[in-house]
>>> print(open('input-v5.txt').read())   # compact mmCIF, C-alpha atoms and all ligand atoms
# COMPACT_ATOMS: atom_id res chain seq x y z
CA MET A 49 8.80 2.14 10.70
CA SER A 50 11.74 4.10 9.44
CA VAL A 51 11.53 7.05 7.16
CA LYS A 52 13.32 4.92 4.57
CA ARG A 53 10.32 2.62 4.54
CA VAL A 54 7.96 5.56 4.30
CA LEU A 55 9.88 6.89 1.34
CA ALA A 56 9.89 3.43 -0.19
CA ILE A 57 6.11 3.42 0.11
CA LEU A 58 5.97 6.89 -1.37
CA LEU A 59 8.10 5.75 -4.26
CA CYS A 60 5.86 2.72 -4.76
CA ILE A 61 2.84 4.96 -4.84
CA GLY A 62 4.60 7.30 -7.20
CA MET A 63 5.26 4.30 -9.41
CA LEU A 64 1.60 3.39 -9.74
CA PRO A 65 1.03 5.37 -12.94
CA ALA A 66 4.26 3.94 -14.27
CA MET A 67 3.01 0.44 -13.49
CA SER A 68 -0.14 1.10 -15.47
CA ALA A 69 2.06 2.13 -18.36
CA CYS A 70 4.02 -1.06 -17.76
CA SER A 71 0.92 -3.15 -18.04
CA PHE A 72 0.43 -1.75 -21.49
CA ARG A 73 3.97 -2.71 -22.32
CA ILE A 74 3.46 -6.21 -20.96
CA GLN A 75 0.43 -6.68 -23.15
CA SER A 76 2.34 -5.65 -26.22
CA VAL A 77 5.20 -8.04 -25.49
CA ASP A 78 2.87 -10.95 -24.78
CA SER A 79 3.29 -12.26 -28.28
CA LEU A 80 7.00 -11.43 -28.45
CA MET A 81 7.62 -13.52 -25.37
CA ARG A 82 6.46 -16.59 -27.20
CA ALA A 83 9.35 -16.48 -29.66
CA PRO A 84 12.18 -17.78 -27.46
CA LYS A 85 11.12 -20.99 -25.74
CA LEU A 86 11.00 -20.81 -22.00
CA THR A 87 13.26 -23.07 -20.07
CA GLY A 88 12.71 -25.73 -17.41
CA VAL A 89 9.31 -26.29 -15.86
CA ASN A 90 7.73 -23.38 -17.74
CA GLN A 91 8.73 -25.03 -21.01
CA LEU A 92 7.01 -28.25 -20.00
CA THR A 93 3.85 -26.49 -18.80
CA GLU A 94 3.77 -24.28 -21.89
CA GLN A 95 4.08 -27.32 -24.17
CA THR A 96 1.32 -29.02 -22.20
CA LEU A 97 -0.87 -25.93 -22.48
CA GLU A 98 -0.32 -25.71 -26.25
CA LYS A 99 -1.05 -29.40 -26.66
CA SER A 100 -4.33 -28.87 -24.83
CA VAL A 101 -5.61 -25.58 -26.27
CA GLY A 102 -3.59 -25.18 -29.48
CA GLY A 103 -0.60 -23.01 -30.30
CA ASP A 104 -2.52 -19.99 -31.53
CA ILE A 105 -2.48 -18.24 -28.15
CA ILE A 106 -1.13 -15.19 -26.37
CA LEU A 107 0.18 -15.81 -22.85
CA LYS A 108 -1.26 -13.42 -20.27
CA ILE A 109 0.91 -12.13 -17.43
CA PRO A 110 -0.89 -10.78 -14.31
CA LEU A 111 -0.69 -6.99 -14.42
CA THR A 112 -0.08 -6.58 -10.68
CA GLY A 113 0.52 -8.72 -7.61
CA ARG A 114 3.39 -10.98 -6.72
CA TYR A 115 3.13 -13.40 -9.62
CA ALA A 116 4.52 -11.75 -12.75
CA SER A 117 4.27 -14.83 -14.94
CA ALA A 118 1.64 -16.45 -17.13
CA PHE A 119 2.45 -19.70 -15.27
CA VAL A 120 1.79 -19.61 -11.53
CA TYR A 121 2.59 -22.65 -9.38
CA ASN A 122 1.01 -23.77 -6.13
CA ASP A 123 0.21 -27.07 -4.45
CA LEU A 124 -3.60 -27.05 -4.59
CA ASP A 125 -4.29 -30.41 -2.93
CA GLY A 126 -1.45 -30.67 -0.45
CA ASP A 127 0.06 -33.81 -2.03
CA GLY A 128 3.50 -32.21 -2.26
CA ASN A 129 3.36 -31.66 -6.04
CA GLU A 130 2.70 -28.25 -7.47
CA GLU A 131 -0.14 -27.56 -9.82
CA CYS A 132 0.15 -24.77 -12.39
CA VAL A 133 -2.35 -22.06 -13.20
CA ALA A 134 -1.73 -20.78 -16.73
CA PHE A 135 -3.30 -17.70 -18.32
CA TYR A 136 -3.72 -17.13 -22.01
CA ALA A 137 -6.03 -15.72 -24.66
CA SER A 138 -6.75 -17.04 -28.09
CA LYS A 139 -5.26 -14.89 -30.85
CA THR A 140 -8.61 -14.94 -32.60
CA ASP A 141 -10.55 -13.92 -29.48
CA SER A 142 -8.17 -11.87 -27.35
CA ASP A 143 -11.01 -10.25 -25.36
CA ALA A 144 -11.41 -13.27 -23.11
CA VAL A 145 -8.62 -14.54 -20.91
CA HIS A 146 -8.65 -18.23 -20.09
CA MET A 147 -7.28 -19.93 -17.04
CA ASN A 148 -5.96 -23.41 -17.69
CA LEU A 149 -5.15 -25.62 -14.75
CA LEU A 150 -2.26 -28.02 -15.24
CA ALA A 151 -1.27 -30.85 -12.94
CA GLN A 152 1.43 -33.50 -12.97
CA ASP A 153 1.16 -37.24 -12.74
CA ASN A 154 4.47 -39.05 -12.21
CA GLY A 155 6.28 -35.98 -13.54
CA GLN A 156 4.09 -35.77 -16.65
CA TRP A 157 2.12 -32.55 -16.97
CA TYR A 158 -1.46 -32.66 -18.20
CA SER A 159 -4.28 -30.13 -18.51
CA VAL A 160 -7.02 -30.70 -15.93
CA CYS A 161 -9.53 -28.03 -16.87
CA ASP A 162 -10.00 -24.73 -18.65
CA ALA A 163 -12.07 -21.76 -17.47
CA VAL A 164 -12.99 -18.55 -19.25
CA GLY A 165 -12.19 -15.56 -17.07
CA SER A 166 -14.30 -12.44 -16.57
CA GLY A 167 -12.06 -10.01 -18.41
CA SER A 168 -9.54 -9.33 -21.13
CA ASP A 169 -6.54 -9.37 -18.80
CA VAL A 170 -5.47 -10.94 -15.53
CA GLY A 171 -5.26 -8.30 -12.79
CA ALA A 172 -3.59 -10.41 -10.12
CA VAL A 173 -3.42 -13.95 -8.78
CA ALA A 174 -3.42 -14.75 -5.09
CA PHE A 175 -3.92 -17.80 -2.91
CA ALA A 176 -5.92 -18.06 0.30
CA ASP A 177 -7.34 -20.90 2.36
CA VAL A 178 -11.00 -19.91 2.62
CA ASP A 179 -12.39 -23.27 3.77
CA GLY A 180 -9.67 -24.00 6.30
CA ASP A 181 -8.65 -27.40 4.90
CA GLY A 182 -4.98 -26.45 4.89
CA VAL A 183 -4.63 -26.00 1.14
CA SER A 184 -5.11 -22.85 -0.86
CA GLU A 185 -7.90 -21.76 -3.10
CA ILE A 186 -7.13 -19.50 -6.07
CA ILE A 187 -8.22 -15.86 -6.21
CA VAL A 188 -8.00 -14.31 -9.66
CA THR A 189 -8.93 -10.72 -10.43
CA TRP A 190 -9.74 -9.86 -14.00
CA SER A 191 -9.24 -6.56 -15.76
CA ILE A 192 -11.44 -5.29 -18.50
CA ALA A 193 -9.77 -2.92 -20.94
CA GLU A 194 -11.20 0.60 -20.81
CA SER A 195 -12.95 -0.06 -17.50
CA LYS A 196 -11.44 0.78 -14.14
CA GLU A 197 -14.70 0.30 -12.29
CA SER A 198 -16.11 -2.97 -13.52
CA ARG A 199 -13.64 -5.61 -12.60
CA PHE A 200 -14.37 -9.10 -11.38
CA LEU A 201 -12.87 -11.31 -8.74
CA THR A 202 -13.23 -15.07 -9.07
CA LEU A 203 -12.49 -17.55 -6.32
CA TYR A 204 -11.70 -21.07 -7.54
CA GLY A 205 -11.68 -23.94 -5.09
CA LYS A 206 -12.55 -27.56 -4.36
CA TYR A 207 -9.66 -28.74 -6.52
CA ASN A 208 -9.29 -32.37 -7.48
CA LYS A 209 -6.93 -33.79 -10.06
CA ASN A 210 -9.71 -35.17 -12.27
CA ASP A 211 -12.22 -32.33 -12.43
CA GLY A 212 -10.07 -29.36 -11.53
CA VAL A 213 -11.64 -26.39 -9.75
CA VAL A 214 -15.08 -24.92 -9.19
CA ALA A 215 -15.78 -21.18 -9.26
CA LEU A 216 -17.00 -20.55 -5.70
CA MET A 217 -17.49 -16.83 -6.14
CA ASN A 218 -17.51 -14.29 -8.97
CA GLU A 219 -18.02 -10.73 -7.80
CA LYS A 220 -17.73 -7.26 -9.22
CA PHE A 221 -15.12 -5.38 -7.24
CA THR A 222 -12.86 -2.34 -7.24
CA ALA A 223 -10.38 -3.33 -4.51
CA THR A 224 -10.03 -6.44 -2.40
CA HIS A 225 -8.27 -7.64 0.72
CA THR A 226 -8.05 -11.13 2.21
CA LEU A 227 -7.71 -11.69 5.95
CA ASP A 228 -8.72 -14.17 8.64
CA VAL A 229 -11.00 -11.92 10.70
CA ASN A 230 -11.89 -14.43 13.43
CA ARG A 231 -8.61 -16.40 13.42
CA ASP A 232 -10.34 -19.71 12.70
CA GLY A 233 -7.93 -20.68 9.92
CA LYS A 234 -10.38 -19.72 7.21
CA ASP A 235 -9.63 -16.58 5.23
CA GLU A 236 -12.39 -14.06 4.67
CA ILE A 237 -12.54 -11.94 1.53
CA PHE A 238 -13.30 -8.22 1.75
CA ILE A 239 -14.33 -6.32 -1.34
CA ALA A 240 -14.66 -2.58 -1.84
CA SER A 241 -16.88 -1.81 -4.77
CA LEU A 242 -17.61 1.48 -6.52
CA GLU A 243 -20.78 1.22 -8.52
CA THR A 244 -23.22 3.43 -10.36
CA VAL A 245 -26.82 2.72 -9.42
CA ASN A 246 -29.60 4.77 -11.04
CA ASN A 247 -27.02 7.33 -12.13
CA ALA A 248 -25.85 7.75 -8.53
CA TYR A 249 -22.39 6.86 -7.39
CA VAL A 250 -22.38 4.35 -4.53
CA ALA A 251 -19.60 2.58 -2.66
CA TYR A 252 -19.95 -0.67 -0.74
CA GLY A 253 -17.75 -2.75 1.49
CA LYS A 254 -18.69 -6.44 1.46
CA LEU A 255 -17.35 -9.30 3.55
CA PHE A 256 -17.51 -12.88 2.28
CA ALA A 257 -16.86 -15.95 4.40
CA TYR A 258 -16.99 -19.71 3.91
CA ASN A 259 -20.00 -21.45 5.42
CA ASP A 260 -19.14 -24.96 6.64
CA GLY A 261 -22.81 -25.98 6.56
CA THR A 262 -23.48 -25.09 2.94
CA GLY A 263 -19.94 -25.47 1.66
CA ALA A 264 -20.30 -22.13 -0.10
CA ILE A 265 -18.80 -18.67 0.15
CA GLU A 266 -21.46 -16.34 1.48
CA LEU A 267 -21.89 -12.62 1.86
CA VAL A 268 -21.90 -12.02 5.62
CA SER A 269 -21.99 -8.23 5.85
CA VAL A 270 -22.32 -5.06 3.76
CA ALA A 271 -21.51 -1.46 4.69
CA ASN A 272 -21.75 1.79 2.80
CA LEU A 273 -18.42 3.36 2.03
CA ASP A 274 -17.63 6.96 1.09
CA PRO A 275 -19.03 7.62 -2.40
CA ALA A 276 -16.70 10.62 -2.78
CA VAL A 277 -13.85 8.18 -3.35
CA THR A 278 -13.26 7.47 -7.04
CA SER A 279 -10.64 4.71 -6.83
CA TYR A 280 -8.67 2.80 -4.22
CA LEU A 281 -4.95 2.82 -3.58
CA GLN A 282 -4.57 0.09 -0.97
CA ILE A 283 -6.27 -1.79 1.86
CA VAL A 284 -4.30 -2.83 4.95
CA ASP A 285 -5.49 -4.25 8.28
CA ASP A 286 -4.61 -4.57 11.93
CA THR A 287 -6.20 -6.29 14.91
CA ASP A 288 -6.68 -4.99 18.41
CA GLY A 289 -8.83 -6.36 21.20
CA GLY A 290 -10.78 -8.83 19.05
CA ILE A 291 -11.55 -6.25 16.39
CA CYS A 292 -10.05 -6.24 12.91
CA ARG A 293 -9.72 -2.89 11.27
CA LEU A 294 -9.41 -2.22 7.58
CA TYR A 295 -7.75 1.00 6.45
CA ILE A 296 -8.90 1.81 2.96
CA ASP A 297 -6.92 4.52 1.19
CA GLY A 298 -8.89 6.01 -1.66
CA VAL A 299 -8.48 8.77 -4.19
CA VAL A 300 -10.90 11.66 -3.67
CA SER A 301 -9.53 14.05 -6.31
CA GLN A 302 -6.42 14.61 -8.40
CA THR A 303 -4.78 16.23 -5.39
CA HIS A 304 -6.41 14.53 -2.39
CA ILE A 305 -6.79 11.08 -0.88
CA SER A 306 -8.53 9.88 2.29
CA THR A 307 -8.64 6.83 4.52
CA GLN A 308 -11.81 5.03 5.53
CA ILE A 309 -11.63 2.82 8.60
CA VAL A 310 -13.92 -0.21 8.70
CA GLU A 311 -14.10 -2.32 11.84
CA ILE A 312 -14.96 -6.02 11.85
CA PRO A 313 -15.54 -7.56 15.29
CA ALA A 314 -14.23 -11.15 15.21
CA ASP A 315 -17.34 -12.57 16.91
CA SER A 316 -20.04 -10.99 14.74
CA MET A 317 -18.08 -10.28 11.53
CA ILE A 318 -20.43 -7.36 10.92
CA LEU A 319 -18.78 -4.48 9.10
CA ARG A 320 -19.12 -1.18 10.89
CA LEU A 321 -17.79 2.29 10.36
CA PRO A 322 -16.55 3.46 13.74
CA LEU A 323 -16.59 7.12 12.81
CA PRO A 324 -19.58 8.98 11.41
CA GLU A 325 -20.29 8.17 7.80
CA ASP A 326 -20.56 11.82 6.90
CA ARG A 327 -18.06 14.10 5.24
CA GLU A 328 -16.71 15.10 8.63
CA PHE A 329 -15.03 11.74 8.97
CA SER A 330 -13.56 11.78 5.49
CA ASN A 331 -12.23 15.24 6.22
CA LEU A 332 -10.38 13.85 9.23
CA THR A 333 -8.14 11.82 6.98
CA LEU A 334 -8.32 13.96 3.84
CA ARG A 335 -4.84 14.91 2.72
CA THR A 336 -2.85 16.03 -0.29
CA GLY A 337 -0.47 13.65 -2.04
CA ARG A 338 -0.55 9.90 -2.20
CA LEU A 339 0.95 8.84 1.15
CA CYS A 340 -0.87 5.68 2.30
CA CYS A 341 -1.43 4.11 5.72
CA ALA A 342 1.36 2.00 7.20
CA ASP A 343 2.65 0.69 10.52
CA ILE A 344 5.10 3.54 10.98
CA ASP A 345 6.47 2.44 14.37
CA ASN A 346 6.34 -1.36 14.03
CA ASP A 347 3.89 -1.80 16.91
CA GLY A 348 1.52 -3.94 14.85
CA ARG A 349 -1.03 -1.14 14.60
CA ILE A 350 -1.60 0.82 11.41
CA GLU A 351 -1.10 4.58 11.38
CA VAL A 352 -2.92 7.05 9.13
CA PRO A 353 -0.74 9.81 7.66
CA GLY A 354 -1.58 13.46 7.28
CA TYR A 355 -0.05 16.91 7.45
CA GLU A 356 -0.12 19.79 9.90
CA GLU A 357 1.19 23.29 9.46
CA LEU A 358 4.19 24.15 11.61
CA SER A 359 3.57 27.55 13.23
CA ALA A 360 5.96 30.10 11.67
CA GLY A 361 7.62 27.26 9.71
CA GLU A 362 9.01 28.46 6.40
CA VAL A 363 10.98 27.35 3.37
CA LEU A 364 13.25 30.17 2.18
CA ASP A 365 14.24 30.26 -1.49
CA ARG A 366 17.70 31.16 -2.80
CA ASP A 367 16.94 34.88 -2.40
CA ASN A 368 15.82 34.37 1.20
CA GLY A 369 12.21 34.96 0.21
CA VAL A 370 9.53 32.78 1.76
CA ALA A 371 8.76 30.14 -0.87
CA GLU A 372 6.19 28.23 1.16
CA GLY A 373 5.24 27.15 4.65
CA LEU A 374 7.04 24.22 6.24
CA ARG A 375 4.65 21.49 7.25
CA MET A 376 4.85 18.44 9.48
CA THR A 377 3.98 14.95 8.37
CA VAL A 378 1.81 13.45 11.10
CA TRP A 379 1.02 9.76 11.63
CA LYS A 380 -2.07 9.03 13.70
CA GLN A 381 -3.31 5.84 15.27
CA TYR A 382 -7.00 5.05 15.66
CA ARG A 383 -7.65 4.45 19.35
CA GLY A 384 -10.83 4.63 21.36
CA GLY A 385 -12.80 6.37 18.64
CA MET A 386 -10.18 8.97 17.93
CA LEU A 387 -7.16 9.50 15.74
CA THR A 388 -4.20 10.26 17.98
CA ALA A 389 -0.84 11.49 16.68
CA VAL A 390 1.99 9.06 17.40
CA ARG A 391 4.69 10.69 15.30
CA ARG A 392 5.35 14.08 13.72
CA TYR A 393 8.31 14.95 11.56
CA ILE A 394 9.60 17.57 9.18
CA GLU A 395 10.87 16.35 5.84
CA SER A 396 13.75 18.32 4.39
CA PRO A 397 12.44 19.89 1.18
CA ASP A 398 15.21 18.20 -0.83
CA GLY A 399 13.87 14.85 0.44
CA ASP A 400 17.25 13.87 1.92
CA TYR A 401 16.14 13.34 5.48
CA SER A 402 13.42 13.84 8.04
CA PHE A 403 13.53 15.21 11.55
CA THR A 404 11.14 13.91 14.18
CA LEU A 405 9.60 16.51 16.45
CA PRO A 406 9.22 14.94 19.91
CA ALA A 407 5.80 15.48 21.48
CA ASP A 408 7.27 17.71 24.22
CA VAL A 409 8.55 20.34 21.78
CA ILE A 410 5.41 20.65 19.66
CA GLY A 411 4.13 24.21 19.97
CA THR A 412 7.37 25.55 21.43
CA VAL A 413 9.73 25.32 18.48
CA THR A 414 9.57 26.06 14.78
CA ALA A 415 11.87 25.50 11.84
CA VAL A 416 13.01 27.26 8.71
CA TYR A 417 14.62 25.53 5.76
CA ASP A 418 17.11 27.69 3.95
CA VAL A 419 17.46 26.34 0.41
CA LYS A 420 20.54 28.45 -0.40
CA ASN A 421 22.65 26.97 2.40
CA GLY A 422 20.82 23.66 2.67
CA ARG A 423 20.24 24.33 6.35
CA LEU A 424 17.26 23.36 8.49
CA ARG A 425 17.25 25.90 11.33
CA PHE A 426 15.27 25.44 14.53
CA TYR A 427 13.96 28.35 16.60
CA THR A 428 12.05 28.87 19.77
CA LEU A 429 8.45 29.89 19.17
CA SER A 430 7.08 32.89 21.03
CA PRO A 431 3.67 32.66 22.74
CA ASP A 432 2.19 34.63 19.82
CA HIS A 433 3.58 32.00 17.41
CA GLN A 434 6.45 34.06 16.06
CA LYS A 435 9.89 32.69 15.26
CA ASN A 436 12.15 33.74 18.13
CA HIS A 437 15.75 32.65 18.89
CA MET A 438 17.75 30.09 16.94
CA LEU A 439 18.57 26.91 18.87
CA PHE A 440 20.48 24.89 16.29
CA TYR A 441 20.65 24.02 12.62
CA ILE A 442 21.32 20.91 10.57
CA GLU A 443 23.42 21.03 7.43
CA LYS A 444 25.01 18.68 5.00
CA GLY A 445 28.78 18.43 5.45
CA VAL A 446 31.28 18.43 8.29
CA PHE A 447 31.03 20.85 11.15
CA VAL A 448 34.23 22.83 11.60
CA ALA A 449 34.24 25.29 14.51
CA ASP A 450 34.67 28.78 13.16
CA GLU A 451 37.01 31.05 15.11
CA GLU A 452 34.63 33.90 14.52
CA GLU A 453 31.73 31.85 15.85
CA THR A 454 33.11 30.50 19.08
CA ALA A 455 29.64 30.54 20.52
CA LEU A 456 28.71 27.67 18.24
CA THR A 457 29.30 24.02 19.06
CA GLY A 458 28.43 21.11 16.87
CA GLY A 459 29.21 17.66 15.61
CA ILE A 460 28.37 14.98 13.12
CA ILE A 461 24.93 13.49 13.52
CA TYR A 462 24.89 11.11 10.54
CA ARG A 463 27.46 9.60 8.22
CA ASP A 464 27.39 6.97 5.49
CA GLU A 465 29.51 6.22 2.40
CA SER A 466 28.20 9.15 0.42
CA SER A 467 26.94 11.76 2.84
CA ILE A 468 27.56 13.41 6.15
CA TYR A 469 25.33 15.68 8.21
CA SER A 470 26.18 17.83 11.16
CA ALA A 471 24.26 19.85 13.69
CA VAL A 472 25.38 23.21 14.97
CA LEU A 473 24.11 24.50 18.31
CA THR A 474 23.91 28.14 19.24
CA ALA A 475 24.89 29.30 22.74
CA LEU A 476 21.19 29.66 23.48
CA GLY A 477 20.55 26.13 22.20
CA SER A 478 23.26 24.70 24.43
CA ALA A 479 21.97 26.71 27.38
CA ALA A 480 18.45 25.48 26.68
CA GLY A 481 19.68 21.90 27.01
CA VAL A 482 19.66 20.87 23.32
CA GLU A 483 22.03 17.92 22.96
CA LEU A 484 23.67 16.38 19.93
CA ASP A 485 22.54 12.89 20.99
CA ARG A 486 18.93 13.96 21.01
CA ILE A 487 19.32 15.58 17.58
CA ARG A 488 20.89 12.36 16.29
CA ALA A 489 17.96 10.35 17.62
CA CYS A 490 15.50 12.56 15.76
CA PHE A 491 17.40 12.53 12.46
CA ASP A 492 16.45 9.95 9.84
CA LYS A 493 18.30 9.79 6.54
CA ALA A 494 15.99 8.99 3.65
CA CA B 501 -8.65 -24.54 1.23
CA CA B 502 -11.88 -16.76 9.31
CA CA B 503 2.07 1.29 14.27
>>> encode(input="input-v5.txt", output="structure tokens")
Amino acid sequence: MSVKRVLAILLCIGMLPAMSACSFRIQSVDSLMRAPKLTGVNQLTEQTLEKSVGGDIILKIPLTGRYASAFVYNDLDGDGNEECVAFYASKTDSDAVHMNLLAQDNGQWYSVCDAVGSGSDVGAVAFADVDGDGVSEIIVTWSIAESKESRFLTLYGKYNKNDGVVALMNEKFTATHTLDVNRDGKDEIFIASLETVNNAYVAYGKLFAYNDGTGAIELVSVANLDPAVTSYLQIVDDTDGGICRLYIDGVVSQTHISTQIVEIPADSMILRLPLPEDREFSNLTLRTGRLCCADIDNDGRIEVPGYEELSAGEVLDRDNGVAEGLRMTVWKQYRGGMLTAVRRYIESPDGDYSFTLPADVIGTVTAVYDVKNGRLRFYTLSPDHQKNHMLFYIEKGVFVADEEETALTGGIIYRDESSIYSAVLTALGSAAGVELDRIRACFDKA
């Protein structure tokens, strides 16, 4: 994965508080949105909804997820025609969101059924095929105002055009992730749940799967998760050697997050924590900021981010004083019971670019970022971890050989419409075999 993608993720994460603010805004415009009539299919489904439940309603738009509309369409029986899941609340009882299921018969929309949701807002809508019949069931998460902890997830399935859907599952949850653990065409539902039991904070991971024999969704496995986590940021998964792994990024404090890894063997579907359940494990992935797990190198395996100090690495302020240490961002892959670094890079403090440190130079070089000149300078590192001789530096702008500095060679390492970066090698750098091509390969514009 490129640094651009990493930064995109960072930006997304940074946007989370803004999205919460957005959700507030969405709620307040719910009623406003009803003034101008919607066009096309939405107009037909909205008219049908009003005919069925009355006009005194507020449409409810899912707060997160991919469907940002009160009307969500999907073919629920595989007949080629889309059904519509509509969300609304009555103006006189706005604490309960309703889900109304609309279907079409010869192009005419009609309301099939109405269900009261478990909340005052719709968190998100998703579709998954949990029974493996080739058509999707509906997963709706509900939000309850004032409560981050107690949210519910409802799975609706067994759709038919006369009776509508049946609630197959209604569970308290904090975060959820859907995946087909055993690749049998039936999606399993994982839930992470933070709960207070007898005044003690507990965290569970629960896996639910469809049972062909009973025709029901059943809890197949439970595991204790880290109770130090107070909320979840995201859950992602990968598969390797018949084992699914979930990477659960959670907030530990205002400044720190951590990742819990949960393994699910495809044959047993029993949740297990591969690393000790004690604080030692959490500390392995504990980090400042909000950078979440991702497949950084596009190899299909998820990497866990973190930071490491760079020996003698410094950020110099405009007066050449040491403002702070320069750290490396490190991405580690979980292999054979251990987290192994697969990529380390330095991010320029202005956020413009990153520079990958190849494994063979770790421990032998260090870097200093000079804010005044916008230069990232690389030095050899002495055996006692002191900054030694300069090898090269990177700066914004075009390299022009200076008559006074004939010992320096350099060239452009990156150029686009709006920016240009060059690298300048010292005589020692050149003699040590530093090459512009290698610098280019390590440079990633944000
Ligand atoms: Ca299905
Ligand atoms: Ca499955
Ligand atoms: Ca990867």
>>> atom_distance(input="input-v5.txt", atom1="CA of Val164 in chain A", atom2="CA of Gly103 in chain A")
17.2 Å
>>> closest_atom_pairs(input="input-v5.txt", of="chain A", to="ligand CA 501 (chain B)", cutoff="7 Å", atoms="all atoms listed in the file", output="JSON lines")
{"residue": "A:Asp177", "atom": "CA", "partner": "B:CA501", "partner_atom": "CA", "distance": 4.0}
{"residue": "A:Val178", "atom": "CA", "partner": "B:CA501", "partner_atom": "CA", "distance": 5.4}
{"residue": "A:Asp179", "atom": "CA", "partner": "B:CA501", "partner_atom": "CA", "distance": 4.7}
{"residue": "A:Gly180", "atom": "CA", "partner": "B:CA501", "partner_atom": "CA", "distance": 5.2}
{"residue": "A:Asp181", "atom": "CA", "partner": "B:CA501", "partner_atom": "CA", "distance": 4.7}
{"residue": "A:Gly182", "atom": "CA", "partner": "B:CA501", "partner_atom": "CA", "distance": 5.5}
{"residue": "A:Val183", "atom": "CA", "partner": "B:CA501", "partner_atom": "CA", "distance": 4.3}
{"residue": "A:Ser184", "atom": "CA", "partner": "B:CA501", "partner_atom": "CA", "distance": 4.4}
{"residue": "A:Glu185", "atom": "CA", "partner": "B:CA501", "partner_atom": "CA", "distance": 5.2}
>>> atom_distance(input="input-v5.txt", atom1="CA of Phe256 in chain A", atom2="CA of Asp285 in chain A")
16.0 Å
>>> closest_residue(input="input-v5.txt", among="A:Ile105, A:Leu476, A:Val482, A:Ala360", to="Lys435 in chain A", atoms="all atoms listed in the file")
A:Ala360
>>> closest_residue(input="input-v5.txt", among="A:Ser100, A:Thr189, A:Thr303, A:Ser142", to="Trp157 in chain A", atoms="all atoms listed in the file")
A:Ser100
>>> residues_near_ligand(input="input-v5.txt", ligand="ligand CA 502 (chain B)", cutoff="9 Å", atoms="only C-alpha atoms and all ligand atoms", output="list in words")
Val178, Asp179, Gly180, Leu227, Asp228, Val229, Asn230, Arg231, Asp232, Gly233, Lys234, Asp235, Glu236, Ala257, Tyr258 and Ala314 of chain A
>>> atom_distance(input="input-v5.txt", atom1="CA of Leu473 in chain A", atom2="CA of Leu429 in chain A")
16.6 Å
>>> residues_near_ligand(input="input-v5.txt", ligand="ligand CA 503 (chain B)", cutoff="10 Å", atoms="all atoms listed in the file", output="PyMOL selection string")
chain A and resi 49+286+341-352+379-382+390-391
>>> closest_residue(input="input-v5.txt", among="A:Leu374, A:Ile460, A:Val446, A:Ile309", to="Met386 in chain A", atoms="all atoms listed in the file")
A:Ile309
>>> closest_residue(input="input-v5.txt", among="A:Pro406, A:Gly261, A:Pro397, A:Gly289", to="Ile312 in chain A", atoms="only C-alpha atoms")
A:Gly289
>>> closest_residue(input="input-v5.txt", among="A:Ala193, A:Val413, A:Ile318, A:Ile461", to="Asp143 in chain A", atoms="only C-alpha atoms")
A:Ala193
>>> residues_near_point(input="input-v5.txt", point="(-2.3, -15.8, -0.6)", cutoff="9 Å", atoms="all atoms listed in the file", output="PyMOL selection string")
chain A and resi 173-177+184-187+226
>>> closest_residue(input="input-v5.txt", among="A:Ala494, A:Val89, A:Leu203, A:Ala215", to="Val188 in chain A", atoms="all atoms listed in the file")
A:Leu203
>>> residues_around(input="input-v5.txt", residues="Arg375 in chain A", least_positions_apart="2", cutoff="12 Å", atoms="only C-alpha atoms", output="list in words")
Thr336, Gly354, Tyr355, Glu356, Glu357, Leu358, Ser359, Ala360, Gly361, Glu362, Val363, Glu372, Gly373, Thr377, Val378, Arg392, Tyr393, Ile394, Glu395, Ser396, Pro397, Ser402, Phe403, Leu405, Thr414, Ala415, Val416 and Tyr417 of chain A
>>> residues_around(input="input-v5.txt", residues="range 264-271 of chain A", least_positions_apart="3", cutoff="8 Å", atoms="all atoms listed in the file", output="list in words")
Leu216, Met217, Tyr252, Gly253, Lys254, Leu255, Phe256, Ala257, Tyr258, Asn259, Asp260, Met317, Ile318, Leu319, Arg320 and Leu321 of chain A
>>> residues_around(input="input-v5.txt", residues="Tyr280 in chain A", least_positions_apart="2", cutoff="6 Å", atoms="only C-alpha atoms", output="PyMOL selection string")
chain A and resi 282+297-299
>>> write_last_selection(input="input-v5.txt", atoms="C-alpha atoms", output="PDB file, in the frame of the given file")
ATOM      1  CA  GLN A 282      -4.570   0.090  -0.970  1.00  0.00           C
ATOM      2  CA  ASP A 297      -6.920   4.520   1.190  1.00  0.00           C
ATOM      3  CA  GLY A 298      -8.890   6.010  -1.660  1.00  0.00           C
ATOM      4  CA  VAL A 299      -8.480   8.770  -4.190  1.00  0.00           C
TER       5      VAL A 299
END
>>> residues_around(input="input-v5.txt", residues="Thr428 in chain A", least_positions_apart="4", cutoff="6 Å", atoms="only C-alpha atoms", output="ChimeraX atom specification")
/A:412-413,436-437
